[in-house]
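work_9.txt follows; it contains compact mmCIF, C-alpha atoms (C1' of nucleotides).
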# COMPACT_ATOMS: atom_id res chain seq x y z
CA MET A 1194 -6.97 26.42 -2.28
CA ALA A 1195 -6.74 30.10 -1.38
CA ALA A 1196 -4.09 32.21 -3.06
CA GLY A 1197 -1.41 34.06 -1.17
CA MET A 1198 -0.72 31.51 1.49
CA SER A 1199 2.73 31.58 3.01
CA ASP A 1200 5.16 29.38 1.17
CA ASP A 1201 6.55 27.28 3.94
CA PRO A 1202 4.16 26.80 6.80
CA THR A 1203 6.51 24.59 8.83
CA PRO A 1204 10.23 25.12 8.54
CA GLN A 1205 10.50 23.24 11.84
CA GLY A 1206 11.91 19.73 11.59
CA LEU A 1207 15.13 17.77 11.85
CA ASP A 1208 17.77 18.03 9.17
CA HIS A 1209 19.71 14.82 8.67
CA VAL A 1210 21.27 12.56 6.04
CA GLY A 1211 18.21 10.35 6.23
CA LEU A 1212 16.19 13.09 4.62
CA ASP A 1213 18.88 13.73 2.04
CA LEU A 1214 18.80 10.07 1.11
CA TRP A 1215 15.05 9.90 1.07
CA PHE A 1216 14.47 13.00 -1.02
CA THR A 1217 17.21 12.18 -3.47
CA SER A 1218 15.93 8.67 -3.91
CA LEU A 1219 12.43 10.05 -4.40
CA ALA A 1220 13.64 12.57 -6.97
CA TRP A 1221 15.40 9.81 -8.89
CA GLU A 1222 12.30 7.66 -8.97
CA THR A 1223 10.07 10.54 -9.95
CA GLU A 1224 12.34 11.53 -12.79
CA VAL A 1225 12.58 7.96 -14.09
CA PHE A 1226 8.82 7.84 -14.33
CA ALA A 1227 8.57 11.29 -15.82
CA ARG A 1228 10.84 10.19 -18.65
CA VAL A 1229 9.09 6.90 -19.17
CA GLU A 1230 5.83 8.76 -19.34
CA ARG A 1231 7.27 11.16 -21.89
CA ALA A 1232 8.28 8.09 -23.89
CA GLY A 1233 4.59 7.26 -24.14
CA PHE A 1234 3.86 5.04 -21.15
CA ASP A 1235 1.46 6.71 -18.77
CA ASP A 1236 -0.53 3.76 -17.50
CA ILE A 1237 2.11 2.08 -15.41
CA SER A 1238 2.80 2.06 -11.68
CA LEU A 1239 6.08 1.51 -9.89
CA ALA A 1240 4.99 -1.94 -8.80
CA ASP A 1241 3.95 -2.81 -12.34
CA SER A 1242 7.23 -1.62 -13.76
CA GLU A 1243 9.23 -3.65 -11.31
CA VAL A 1244 7.33 -6.80 -12.12
CA LEU A 1245 7.74 -6.16 -15.82
CA SER A 1246 11.46 -5.63 -15.40
CA ALA A 1247 11.72 -8.84 -13.41
CA ILE A 1248 10.69 -10.88 -16.45
CA PRO A 1249 13.68 -11.67 -18.66
CA LEU A 1250 13.46 -11.45 -22.41
CA ASP A 1251 13.06 -15.18 -22.77
CA GLY A 1252 10.05 -15.25 -20.47
CA ALA A 1253 9.37 -16.46 -16.98
CA ARG A 1254 6.77 -18.15 -14.86
CA LEU A 1255 4.64 -16.48 -12.27
CA VAL A 1256 6.43 -18.09 -9.36
CA GLU A 1257 9.78 -16.98 -10.68
CA VAL A 1258 8.58 -13.41 -10.83
CA ALA A 1259 7.26 -13.66 -7.28
CA ARG A 1260 10.59 -14.99 -6.05
CA ARG A 1261 12.61 -12.28 -7.74
CA ARG A 1262 10.42 -9.47 -6.57
CA ARG A 1263 10.14 -11.05 -3.14
CA ILE A 1264 6.40 -10.86 -3.07
CA THR A 1265 3.80 -13.61 -2.81
CA LYS A 1266 2.64 -15.30 -5.96
CA GLN A 1267 -0.81 -13.83 -5.35
CA ALA A 1268 0.60 -10.32 -5.37
CA ALA A 1269 2.65 -11.12 -8.46
CA GLN A 1270 -0.45 -12.46 -10.12
CA GLU A 1271 -2.31 -9.21 -9.62
CA ARG A 1272 0.44 -7.13 -11.20
CA ILE A 1273 0.80 -9.62 -14.03
CA ALA A 1274 -2.93 -9.62 -14.70
CA ALA A 1275 -2.83 -5.83 -14.90
CA LEU A 1276 0.13 -5.94 -17.27
CA ILE A 1277 -1.60 -8.48 -19.49
CA LYS A 1278 -4.79 -6.45 -19.52
CA ARG A 1279 -2.85 -3.37 -20.58
CA GLY A 1280 -1.07 -5.23 -23.34
CA TYR A 1281 2.44 -5.41 -21.91
CA LEU A 1282 2.59 -9.14 -21.30
CA THR A 1283 1.24 -12.34 -22.76
CA ALA A 1284 0.78 -15.72 -21.15
CA GLU A 1285 1.07 -18.96 -23.06
CA PRO A 1286 0.81 -22.50 -21.77
CA ASP A 1287 4.11 -24.21 -21.13
CA PRO A 1288 4.32 -27.30 -23.35
CA GLN A 1289 6.69 -28.94 -20.88
CA ASP A 1290 4.44 -28.46 -17.86
CA ARG A 1291 0.70 -28.30 -18.12
CA ARG A 1292 0.38 -26.46 -14.81
CA ALA A 1293 2.54 -23.58 -15.89
CA ARG A 1294 2.12 -20.54 -18.06
CA ILE A 1295 5.02 -18.78 -19.70
CA LEU A 1296 4.88 -15.01 -19.39
CA SER A 1297 6.55 -12.98 -22.10
CA HIS A 1298 6.65 -9.37 -23.14
CA THR A 1299 4.61 -8.08 -26.00
CA VAL A 1300 6.30 -5.67 -28.37
CA ARG A 1301 4.98 -2.82 -26.26
CA GLY A 1302 6.15 -4.62 -23.15
CA ARG A 1303 9.68 -4.83 -24.48
CA ALA A 1304 9.50 -1.16 -25.41
CA LEU A 1305 8.48 -0.23 -21.89
CA ARG A 1306 11.19 -2.41 -20.42
CA GLU A 1307 13.67 -0.64 -22.64
CA ALA A 1308 12.32 2.80 -21.77
CA LEU A 1309 12.65 2.05 -18.08
CA SER A 1310 16.16 0.76 -18.21
CA SER A 1311 17.40 3.44 -20.55
CA ALA A 1312 15.91 6.17 -18.38
CA LYS A 1313 17.80 4.73 -15.43
CA VAL A 1314 21.02 4.43 -17.35
CA ALA A 1315 20.62 8.00 -18.57
CA LEU A 1316 20.08 9.37 -15.08
CA HIS A 1317 23.05 7.41 -13.86
CA ARG A 1318 25.26 8.89 -16.58
CA GLU A 1319 23.95 12.39 -16.13
CA LEU A 1320 24.87 12.36 -12.49
CA GLU A 1321 28.27 10.95 -13.29
CA GLU A 1322 28.82 13.79 -15.74
CA ARG A 1323 27.57 16.39 -13.35
CA LEU A 1324 29.76 15.26 -10.47
CA GLY A 1325 32.73 14.09 -12.44
CA SER A 1326 33.91 10.52 -12.21
CA GLU A 1327 35.85 10.99 -9.01
CA ARG A 1328 33.09 12.56 -6.95
CA PHE A 1329 30.65 10.12 -8.49
CA ARG A 1330 32.74 7.19 -7.38
CA ASP A 1331 33.09 8.73 -3.95
CA LEU A 1332 29.34 9.12 -3.73
CA ARG A 1333 28.68 5.50 -4.55
CA ALA A 1334 31.37 4.38 -2.15
CA ALA A 1335 29.92 6.51 0.62
CA LEU A 1336 26.46 5.17 -0.07
CA ALA A 1337 27.76 1.63 0.11
CA GLU A 1338 29.43 2.35 3.44
CA ALA A 1339 26.29 3.98 4.77
CA LYS A 1340 24.18 1.06 3.69
CA ALA A 1341 26.58 -1.35 5.38
CA LEU A 1342 26.68 0.76 8.52
CA TYR A 1343 22.90 0.79 8.71
CA THR A 1344 22.57 -2.92 8.07
CA PRO A 1345 23.84 -4.45 11.30
CA GLY A 1346 22.64 -8.02 10.75
CA ALA A 1347 24.70 -8.43 7.59
CA MET B 707 11.10 -23.11 2.54
CA ALA B 708 13.37 -25.92 1.38
CA ALA B 709 16.94 -25.95 2.59
CA GLY B 710 19.90 -25.82 0.28
CA MET B 711 18.50 -23.43 -2.28
CA SER B 712 20.99 -21.40 -4.20
CA ASP B 713 21.72 -18.08 -2.58
CA ASP B 714 21.16 -15.70 -5.43
CA PRO B 715 18.61 -16.93 -7.93
CA THR B 716 18.82 -13.81 -10.13
CA PRO B 717 22.04 -11.88 -10.29
CA GLN B 718 20.67 -10.37 -13.51
CA GLY B 719 19.61 -6.73 -13.24
CA LEU B 720 20.85 -3.21 -13.75
CA ASP B 721 23.36 -1.68 -11.39
CA HIS B 722 22.93 2.07 -10.97
CA VAL B 723 23.03 4.89 -8.44
CA GLY B 724 19.27 4.73 -8.20
CA LEU B 725 19.57 1.39 -6.48
CA ASP B 726 22.34 2.67 -4.24
CA LEU B 727 20.12 5.52 -3.17
CA TRP B 728 17.10 3.33 -2.71
CA PHE B 729 18.80 0.61 -0.69
CA THR B 730 20.70 3.05 1.47
CA SER B 731 17.58 5.02 2.19
CA LEU B 732 15.76 1.80 3.02
CA ALA B 733 18.55 0.67 5.33
CA TRP B 734 18.41 4.01 7.15
CA GLU B 735 14.69 3.77 7.65
CA THR B 736 14.84 0.17 8.77
CA GLU B 737 17.55 0.91 11.29
CA VAL B 738 15.68 3.91 12.69
CA PHE B 739 12.70 1.68 13.36
CA ALA B 740 14.82 -1.12 14.76
CA ARG B 741 16.22 1.27 17.35
CA VAL B 742 12.87 2.79 18.18
CA GLU B 743 11.52 -0.69 18.66
CA ARG B 744 14.40 -1.56 20.94
CA ALA B 745 13.51 1.55 22.92
CA GLY B 746 10.16 -0.05 23.63
CA PHE B 747 7.89 1.08 20.81
CA ASP B 748 6.78 -1.80 18.67
CA ASP B 749 3.26 -0.80 17.75
CA ILE B 750 4.02 2.05 15.40
CA SER B 751 4.13 2.32 11.64
CA LEU B 752 6.14 4.69 9.50
CA ALA B 753 3.02 6.65 8.64
CA ASP B 754 2.07 6.86 12.32
CA SER B 755 5.52 8.05 13.30
CA GLU B 756 5.53 10.75 10.68
CA VAL B 757 2.21 12.09 11.82
CA LEU B 758 3.32 12.01 15.42
CA SER B 759 6.50 13.88 14.56
CA ALA B 760 4.49 16.45 12.66
CA ILE B 761 2.77 17.55 15.85
CA PRO B 762 4.86 20.13 17.71
CA LEU B 763 5.23 20.00 21.46
CA ASP B 764 2.63 22.69 21.98
CA GLY B 765 0.01 20.77 20.06
CA ALA B 766 -1.67 21.14 16.70
CA ARG B 767 -4.96 20.76 14.94
CA LEU B 768 -5.86 18.00 12.56
CA VAL B 769 -5.78 20.23 9.50
CA GLU B 770 -2.34 21.50 10.39
CA VAL B 771 -1.05 17.97 10.58
CA ALA B 772 -2.60 17.17 7.22
CA ARG B 773 -0.97 20.23 5.64
CA ARG B 774 2.45 19.43 7.03
CA ARG B 775 2.36 15.81 6.04
CA ARG B 776 0.78 16.72 2.70
CA ILE B 777 -2.02 14.25 3.06
CA THR B 778 -5.77 14.76 3.17
CA LYS B 779 -7.37 15.53 6.49
CA GLN B 780 -9.22 12.22 6.26
CA ALA B 781 -5.94 10.34 6.00
CA ALA B 782 -4.50 12.38 8.85
CA GLN B 783 -7.54 11.60 10.91
CA GLU B 784 -7.04 7.87 10.54
CA ARG B 785 -3.44 8.02 11.73
CA ILE B 786 -4.40 10.34 14.57
CA ALA B 787 -7.22 8.06 15.67
CA ALA B 788 -4.77 5.15 15.74
CA LEU B 789 -2.27 7.19 17.76
CA ILE B 790 -4.94 8.21 20.24
CA LYS B 791 -6.16 4.65 20.60
CA ARG B 792 -2.62 3.49 21.32
CA GLY B 793 -2.07 6.19 23.91
CA TYR B 794 0.37 8.43 22.07
CA LEU B 795 -1.90 11.41 21.56
CA THR B 796 -4.76 13.15 23.28
CA ALA B 797 -7.39 15.44 21.82
CA GLU B 798 -8.95 18.26 23.78
CA PRO B 799 -11.50 20.79 22.64
CA ASP B 800 -10.08 24.13 21.65
CA PRO B 801 -11.57 26.81 23.92
CA GLN B 802 -11.01 29.45 21.23
CA ASP B 803 -12.81 27.54 18.50
CA ARG B 804 -15.59 25.13 19.20
CA ARG B 805 -15.07 23.30 15.91
CA ALA B 806 -11.49 22.43 16.61
CA ARG B 807 -9.68 19.89 18.74
CA ILE B 808 -6.15 20.39 19.97
CA LEU B 809 -3.97 17.33 19.57
CA SER B 810 -1.12 16.92 22.01
CA HIS B 811 1.32 14.20 22.93
CA THR B 812 0.85 12.06 25.97
CA VAL B 813 3.92 11.34 28.06
CA ARG B 814 4.42 8.19 26.02
CA GLY B 815 3.88 10.16 22.86
CA ARG B 816 6.63 12.57 23.77
CA ALA B 817 8.86 9.64 24.62
CA LEU B 818 8.26 8.10 21.20
CA ARG B 819 8.87 11.43 19.49
CA GLU B 820 12.13 11.69 21.37
CA ALA B 821 13.12 8.11 20.54
CA LEU B 822 12.50 8.74 16.86
CA SER B 823 14.45 11.93 16.64
CA SER B 824 17.32 10.70 18.74
CA ALA B 825 17.62 7.56 16.64
CA LYS B 826 17.87 9.74 13.56
CA VAL B 827 20.40 12.05 15.12
CA ALA B 828 22.44 9.05 16.25
CA LEU B 829 22.48 7.50 12.79
CA HIS B 830 23.44 10.82 11.33
CA ARG B 831 26.37 11.17 13.70
CA GLU B 832 27.47 7.59 13.29
CA LEU B 833 27.77 8.02 9.57
CA GLU B 834 29.64 11.26 10.03
CA GLU B 835 32.09 9.48 12.29
CA ARG B 836 32.47 6.57 9.96
CA LEU B 837 33.14 8.69 6.92
CA GLY B 838 34.95 11.54 8.57
CA SER B 839 33.62 15.05 8.35
CA GLU B 840 35.07 15.77 4.95
CA ARG B 841 33.67 12.76 3.15
CA PHE B 842 30.44 13.20 5.04
CA ARG B 843 30.12 16.75 3.82
CA ASP B 844 30.96 15.63 0.31
CA LEU B 845 28.26 12.98 0.51
CA ARG B 846 25.61 15.45 1.53
CA ALA B 847 26.72 17.90 -1.11
CA ALA B 848 26.62 15.22 -3.80
CA LEU B 849 23.16 14.15 -2.67
CA ALA B 850 21.97 17.73 -2.84
CA GLU B 851 23.33 18.07 -6.37
CA ALA B 852 21.75 14.79 -7.40
CA LYS B 853 18.43 15.83 -5.99
CA ALA B 854 18.59 19.12 -7.82
CA LEU B 855 19.63 17.41 -11.03
CA TYR B 856 16.71 15.04 -10.81
CA THR B 857 14.22 17.78 -9.99
CA PRO B 858 13.89 19.63 -13.28
CA GLY B 859 10.81 21.68 -12.44
CA ALA B 860 12.54 23.41 -9.52
C1' DT C 723 -27.55 39.43 8.38
C1' DC C 724 -26.21 36.34 4.84
C1' DC C 725 -22.48 33.95 2.86
C1' DT C 726 -18.11 32.10 2.38
C1' DT C 727 -14.37 29.83 4.64
C1' DT C 728 -12.67 26.61 7.84
C1' DG C 729 -12.29 22.34 11.08
C1' DG C 730 -13.82 18.04 11.20
C1' DT C 731 -16.65 13.70 10.12
C1' DC C 732 -18.94 9.95 7.34
C1' DA C 733 -19.18 6.84 3.46
C1' DG C 734 -17.11 4.49 0.02
C1' DG C 735 -13.20 3.27 -3.11
C1' DT C 736 -8.25 2.01 -4.71
C1' DG C 737 -3.55 0.02 -4.90
C1' DG C 738 -0.47 -3.17 -3.41
C1' DC C 739 0.35 -6.07 -0.50
C1' DC C 740 -0.85 -10.22 2.86
C1' DT C 741 -2.64 -15.17 4.87
C1' DG C 742 -5.27 -19.32 4.31
C1' DA C 743 -7.47 -22.84 1.74
C1' DC C 744 -7.66 -25.16 -2.42
C1' DT C 745 -6.91 -27.86 -7.35
C1' DA C 746 -4.24 -30.14 -10.62
C1' DA C 747 -0.05 -31.53 -12.53
C1' DA C 748 4.68 -33.19 -11.81
C1' DA C 749 8.28 -35.58 -9.36
C1' DG C 750 10.08 -38.76 -6.07
C1' DC C 751 9.76 -43.16 -3.61
C1' DT C 752 9.09 -47.98 -2.79
C1' DA D 949 2.57 -49.71 -10.71
C1' DG D 950 0.87 -46.93 -6.74
C1' DC D 951 1.30 -43.46 -3.18
C1' DT D 952 3.04 -39.21 -1.33
C1' DT D 953 5.08 -34.86 -1.60
C1' DT D 954 6.22 -30.85 -4.02
C1' DT D 955 5.16 -27.32 -7.24
C1' DA D 956 2.31 -23.87 -10.33
C1' DG D 957 -1.41 -21.42 -10.09
C1' DT D 958 -6.21 -19.71 -8.46
C1' DC D 959 -9.93 -18.03 -5.24
C1' DA D 960 -11.57 -15.64 -1.22
C1' DG D 961 -11.00 -12.43 2.08
C1' DG D 962 -8.39 -8.92 4.83
C1' DC D 963 -5.15 -4.92 5.98
C1' DC D 964 -2.94 -0.47 5.46
C1' DA D 965 -2.52 4.01 3.98
C1' DC D 966 -4.03 6.61 1.05
C1' DC D 967 -7.88 8.95 -1.98
C1' DT D 968 -12.61 11.64 -3.59
C1' DG D 969 -17.13 13.35 -2.63
C1' DA D 970 -20.68 14.87 0.29
C1' DC D 971 -21.74 16.81 4.37
C1' DC D 972 -22.33 19.67 9.07
C1' DA D 973 -21.41 23.19 12.33
C1' DA D 974 -18.81 26.99 13.85
C1' DA D 975 -16.27 31.22 12.60
C1' DG D 976 -15.48 35.37 10.22
C1' DG D 977 -16.13 38.86 6.95
C1' DA D 978 -19.12 41.93 3.63
Encoded form (structure tokens):
Amino acid sequence: MAAGMSDDPTPQGLDHVGLDLWFTSLAWETEVFARVERAGFDDISLADSEVLSAIPLDGARLVEVARRRRITKQAAQERIAALIKRGYLTAEPDPQDRRARILSHTVRGRALREALSSAKVALHRELEERLGSERFRDLRAALAEAKALYTPGA
Amino acid sequence: MAAGMSDDPTPQGLDHVGLDLWFTSLAWETEVFARVERAGFDDISLADSEVLSAIPLDGARLVEVARRRRITKQAAQERIAALIKRGYLTAEPDPQDRRARILSHTVRGRALREALSSAKVALHRELEERLGSERFRDLRAALAEAKALYTPGA
DNA sequence: TCCTTTGGTCAGGTGGCCTGACTAAAAGCT
DNA sequence: AGCTTTTAGTCAGGCCACCTGACCAAAGGA
């Protein structure tokens, strides 16, 4: 990349709430992962993290994970295999059902799960502090109304 | 799918502004595409639409599109090829530069561009009406603050 | 002129999904 | 008991939207 290029090559483009929503949502997600990475987890993708978070502390089966995440069991299987390979999950045979495997978190898996949820809780609280509880409540209410407005079939 | 399954298999899960942002943003995007589809464009993906919208009315080169969309020129090329194949774009040689091709919208391409931007403008206005201009302004301000809060490096 | 930069293409790879076809165990029926 | 259907999981292959690396030909400067 050459130095000295102009900063903003294309200021042209619509300005609308859709972009506000999109960029804010993106910033949230990016910051969650930045914090989780700082907590020592740098080998995890968004999809991985969502699958990991979908497994409760007392374990779950593959098909349950797929249902919760609303993906196919094949897709769930891929994420789960990756999480097992990286040491976040373990799979043990279910004594009640010889077809099934019970997926549970390893110690590191629980730590990651905790890092994810505490990063989210922290960001939530930080925004609440920044805006004050009234504006924060207004924000969430407005978002809920927007979501409802943009979801005609429900 | 079997009938009579319970509606919400997993009410368990964090509730935070991140989800509000994510779902609202998703609802916006979904509704934009629903309207564009209703306007007669059903063969277009989000990535396609963003590339199409990145080309100004007086045309652009492939590398410009790639820069604006912040993707590689190879990725831009794929989207552009798809848009040309579907009749939304044309490519003509640049008389000033024999390496370059000038990409411009076809009539249908301009129509799609218009459908996209007018759907967005409509959704923007509808939310403003629903919330009233004061709450709407507050929403956008709060989103801007949230985005800034979650973007530490800037 | 030579050499670097620029516009674009080709080949191959990855992540995160998908459908379809299949096996084996469990559950329901008669 | 037997037979059928459902359920848990696997295998194979494909798609989309990106990516890196290697390249070519034209343009533009020293």
Output chain A, superimposed onto chain B using in-order Cα pairs, as a compact mmCIF listing (two decimals) with C-alpha atoms, in the coordinates of the input:
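As written to disk, selection-v8.txt reads:
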# COMPACT_ATOMS: atom_id res chain seq x y z
CA MET A 1194 10.75 -23.17 2.46
CA ALA A 1195 13.12 -25.94 1.41
CA ALA A 1196 16.67 -25.87 2.70
CA GLY A 1197 19.69 -25.73 0.46
CA MET A 1198 18.35 -23.42 -2.16
CA SER A 1199 20.90 -21.39 -4.06
CA ASP A 1200 21.62 -18.08 -2.42
CA ASP A 1201 21.08 -15.69 -5.26
CA PRO A 1202 18.62 -16.92 -7.81
CA THR A 1203 18.85 -13.81 -10.01
CA PRO A 1204 22.09 -11.90 -10.16
CA GLN A 1205 20.77 -10.40 -13.40
CA GLY A 1206 19.70 -6.77 -13.18
CA LEU A 1207 20.95 -3.24 -13.73
CA ASP A 1208 23.45 -1.69 -11.37
CA HIS A 1209 23.01 2.04 -10.97
CA VAL A 1210 23.10 4.89 -8.45
CA GLY A 1211 19.33 4.71 -8.22
CA LEU A 1212 19.65 1.38 -6.50
CA ASP A 1213 22.41 2.66 -4.26
CA LEU A 1214 20.17 5.51 -3.19
CA TRP A 1215 17.17 3.31 -2.73
CA PHE A 1216 18.87 0.61 -0.70
CA THR A 1217 20.75 3.06 1.46
CA SER A 1218 17.62 5.02 2.16
CA LEU A 1219 15.82 1.79 2.99
CA ALA A 1220 18.61 0.68 5.32
CA TRP A 1221 18.47 4.01 7.12
CA GLU A 1222 14.73 3.77 7.62
CA THR A 1223 14.91 0.17 8.74
CA GLU A 1224 17.59 0.92 11.28
CA VAL A 1225 15.70 3.92 12.67
CA PHE A 1226 12.73 1.68 13.33
CA ALA A 1227 14.85 -1.11 14.71
CA ARG A 1228 16.23 1.28 17.31
CA VAL A 1229 12.88 2.79 18.14
CA GLU A 1230 11.53 -0.69 18.60
CA ARG A 1231 14.42 -1.56 20.89
CA ALA A 1232 13.51 1.55 22.87
CA GLY A 1233 10.16 -0.09 23.56
CA PHE A 1234 7.89 1.07 20.75
CA ASP A 1235 6.81 -1.83 18.60
CA ASP A 1236 3.29 -0.81 17.66
CA ILE A 1237 4.07 2.06 15.35
CA SER A 1238 4.18 2.35 11.57
CA LEU A 1239 6.19 4.74 9.45
CA ALA A 1240 3.07 6.72 8.61
CA ASP A 1241 2.11 6.90 12.27
CA SER A 1242 5.55 8.07 13.28
CA GLU A 1243 5.57 10.80 10.69
CA VAL A 1244 2.22 12.11 11.82
CA LEU A 1245 3.34 12.02 15.43
CA SER A 1246 6.51 13.90 14.58
CA ALA A 1247 4.50 16.49 12.69
CA ILE A 1248 2.76 17.57 15.89
CA PRO A 1249 4.83 20.14 17.78
CA LEU A 1250 5.20 19.99 21.52
CA ASP A 1251 2.61 22.67 22.06
CA GLY A 1252 -0.02 20.76 20.11
CA ALA A 1253 -1.68 21.13 16.76
CA ARG A 1254 -4.98 20.75 15.01
CA LEU A 1255 -5.87 18.01 12.61
CA VAL A 1256 -5.80 20.26 9.58
CA GLU A 1257 -2.37 21.53 10.48
CA VAL A 1258 -1.06 18.00 10.63
CA ALA A 1259 -2.63 17.23 7.26
CA ARG A 1260 -1.01 20.29 5.72
CA ARG A 1261 2.43 19.50 7.08
CA ARG A 1262 2.35 15.89 6.06
CA ARG A 1263 0.78 16.81 2.74
CA ILE A 1264 -2.01 14.33 3.08
CA THR A 1265 -5.77 14.85 3.21
CA LYS A 1266 -7.37 15.58 6.53
CA GLN A 1267 -9.20 12.26 6.25
CA ALA A 1268 -5.92 10.39 5.99
CA ALA A 1269 -4.49 12.42 8.86
CA GLN A 1270 -7.55 11.61 10.90
CA GLU A 1271 -7.02 7.89 10.49
CA ARG A 1272 -3.42 8.04 11.68
CA ILE A 1273 -4.38 10.33 14.54
CA ALA A 1274 -7.20 8.04 15.62
CA ALA A 1275 -4.74 5.15 15.68
CA LEU A 1276 -2.26 7.17 17.70
CA ILE A 1277 -4.94 8.17 20.19
CA LYS A 1278 -6.14 4.60 20.50
CA ARG A 1279 -2.61 3.45 21.23
CA GLY A 1280 -2.09 6.12 23.84
CA TYR A 1281 0.37 8.39 22.04
CA LEU A 1282 -1.91 11.37 21.55
CA THR A 1283 -4.78 13.10 23.26
CA ALA A 1284 -7.42 15.38 21.83
CA GLU A 1285 -9.00 18.18 23.81
CA PRO A 1286 -11.55 20.73 22.69
CA ASP A 1287 -10.13 24.09 21.75
CA PRO A 1288 -11.65 26.73 24.04
CA GLN A 1289 -11.10 29.39 21.38
CA ASP A 1290 -12.87 27.49 18.61
CA ARG A 1291 -15.64 25.04 19.28
CA ARG A 1292 -15.11 23.27 15.96
CA ALA A 1293 -11.52 22.41 16.69
CA ARG A 1294 -9.72 19.86 18.79
CA ILE A 1295 -6.20 20.35 20.03
CA LEU A 1296 -3.99 17.31 19.60
CA SER A 1297 -1.14 16.87 22.04
CA HIS A 1298 1.30 14.16 22.93
CA THR A 1299 0.83 12.00 25.95
CA VAL A 1300 3.90 11.26 28.03
CA ARG A 1301 4.42 8.13 25.98
CA GLY A 1302 3.87 10.13 22.83
CA ARG A 1303 6.62 12.55 23.76
CA ALA A 1304 8.87 9.60 24.58
CA LEU A 1305 8.27 8.10 21.16
CA ARG A 1306 8.85 11.42 19.48
CA GLU A 1307 12.12 11.68 21.34
CA ALA A 1308 13.12 8.11 20.51
CA LEU A 1309 12.51 8.75 16.83
CA SER A 1310 14.44 11.95 16.62
CA SER A 1311 17.32 10.72 18.71
CA ALA A 1312 17.63 7.57 16.62
CA LYS A 1313 17.88 9.75 13.53
CA VAL A 1314 20.39 12.07 15.09
CA ALA A 1315 22.44 9.08 16.22
CA LEU A 1316 22.49 7.52 12.77
CA HIS A 1317 23.44 10.85 11.30
CA ARG A 1318 26.37 11.18 13.70
CA GLU A 1319 27.49 7.61 13.27
CA LEU A 1320 27.79 8.06 9.56
CA GLU A 1321 29.63 11.31 10.02
CA GLU A 1322 32.09 9.53 12.29
CA ARG A 1323 32.48 6.62 9.97
CA LEU A 1324 33.16 8.75 6.90
CA GLY A 1325 34.95 11.59 8.57
CA SER A 1326 33.61 15.11 8.34
CA GLU A 1327 35.06 15.82 4.93
CA ARG A 1328 33.68 12.79 3.13
CA PHE A 1329 30.43 13.24 5.02
CA ARG A 1330 30.11 16.78 3.79
CA ASP A 1331 30.96 15.65 0.29
CA LEU A 1332 28.28 13.01 0.48
CA ARG A 1333 25.60 15.46 1.49
CA ALA A 1334 26.73 17.91 -1.15
CA ALA A 1335 26.63 15.23 -3.82
CA LEU A 1336 23.19 14.15 -2.70
CA ALA A 1337 21.97 17.72 -2.90
CA GLU A 1338 23.35 18.06 -6.42
CA ALA A 1339 21.79 14.77 -7.45
CA LYS A 1340 18.45 15.79 -6.03
CA ALA A 1341 18.63 19.10 -7.89
CA LEU A 1342 19.68 17.38 -11.10
CA TYR A 1343 16.75 15.00 -10.87
CA THR A 1344 14.25 17.72 -10.06
CA PRO A 1345 13.93 19.57 -13.36
CA GLY A 1346 10.84 21.64 -12.55
CA ALA A 1347 12.52 23.37 -9.63
Quiz item: So which residues touch stretch 956-962 of chain D within 10 Å, counting only C-alpha atoms (C1' of nucleotides), skipping near sequence neighbours fewer than 2 positions away, as a list in words?
Solution: Arg1254, Leu1255, Val1256, Lys1266, Gln1267, Gln1270, Asp1290, Arg1291, Arg1292, Ala1293 and Arg1294 of chain A; DC740, DT741, DG742, DA743, DC744, DT745, DA746, DA747 and DA748 of chain C
Quiz prompt | Between atom C1' of C:DT736 and atom CA of B:Arg776, distance in Å (one decimal) | solution = 18.8 Å
Exercise. Provide the atom CA of B:Glu832 to atom CA of A:Phe1216 distance in Å, to one decimal place.
Key: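 Atom-to-atom, atom CA of B:Glu832 to atom CA of A:Phe1216, that is 20.1 Å.
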Contacts between chain B and chain D, please, where a residue of chain D counts if it comes within 8 Å (with only C-alpha atoms (C1' of nucleotides)); show its shortest atom pair and distance in Å to one decimal, rows by chain and ascending number, as JSON lines.
{"residue": "D:DA965", "atom": "C1'", "partner": "B:Ala781", "partner_atom": "CA", "distance": 7.5}
{"residue": "D:DC966", "atom": "C1'", "partner": "B:Ala781", "partner_atom": "CA", "distance": 6.5}
{"residue": "D:DA973", "atom": "C1'", "partner": "B:Arg805", "partner_atom": "CA", "distance": 7.3}
{"residue": "D:DA974", "atom": "C1'", "partner": "B:Arg805", "partner_atom": "CA", "distance": 5.6}
{"residue": "D:DA975", "atom": "C1'", "partner": "B:Asp803", "partner_atom": "CA", "distance": 7.8}
Would you write out those residues with C-alpha atoms (C1' of nucleotides), as a compact mmCIF listing (two decimals), keeping the file's coordinate frame?
# COMPACT_ATOMS: atom_id res chain seq x y z
C1' DA D 965 -2.52 4.01 3.98
C1' DC D 966 -4.03 6.61 1.05
C1' DA D 973 -21.41 23.19 12.33
C1' DA D 974 -18.81 26.99 13.85
C1' DA D 975 -16.27 31.22 12.60
Exercise. Output as a PyMOL selection string the set of chain C residues within 9 Å of chain B, with distances taken over only C-alpha atoms (C1' of nucleotides).
Key: chain C and resi 729-731
Exercise. Just give me the gap between atom CA of A:Arg1303 and atom CA of A:Arg1262 in Å, one decimal is fine.
Key: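 Between atom CA of A:Arg1303 and atom CA of A:Arg1262 the gap is 18.5 Å.
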Quiz prompt | 12 Å contact set for D:DG950, all atoms listed in the file, chain neighbours under 2 positions out, as a PyMOL selection string | solution = (chain C and resi 751-752) or (chain D and resi 952)
Quiz item: In terms of the shortest atom-to-atom distance over all atoms listed in the file, which of B:Leu818, B:Ala766, B:Leu809, B:Val723 is closest to chain A?
Solution: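 Between B:Leu818, B:Ala766, B:Leu809, B:Val723, the residue approaching chain A most closely is B:Val723.
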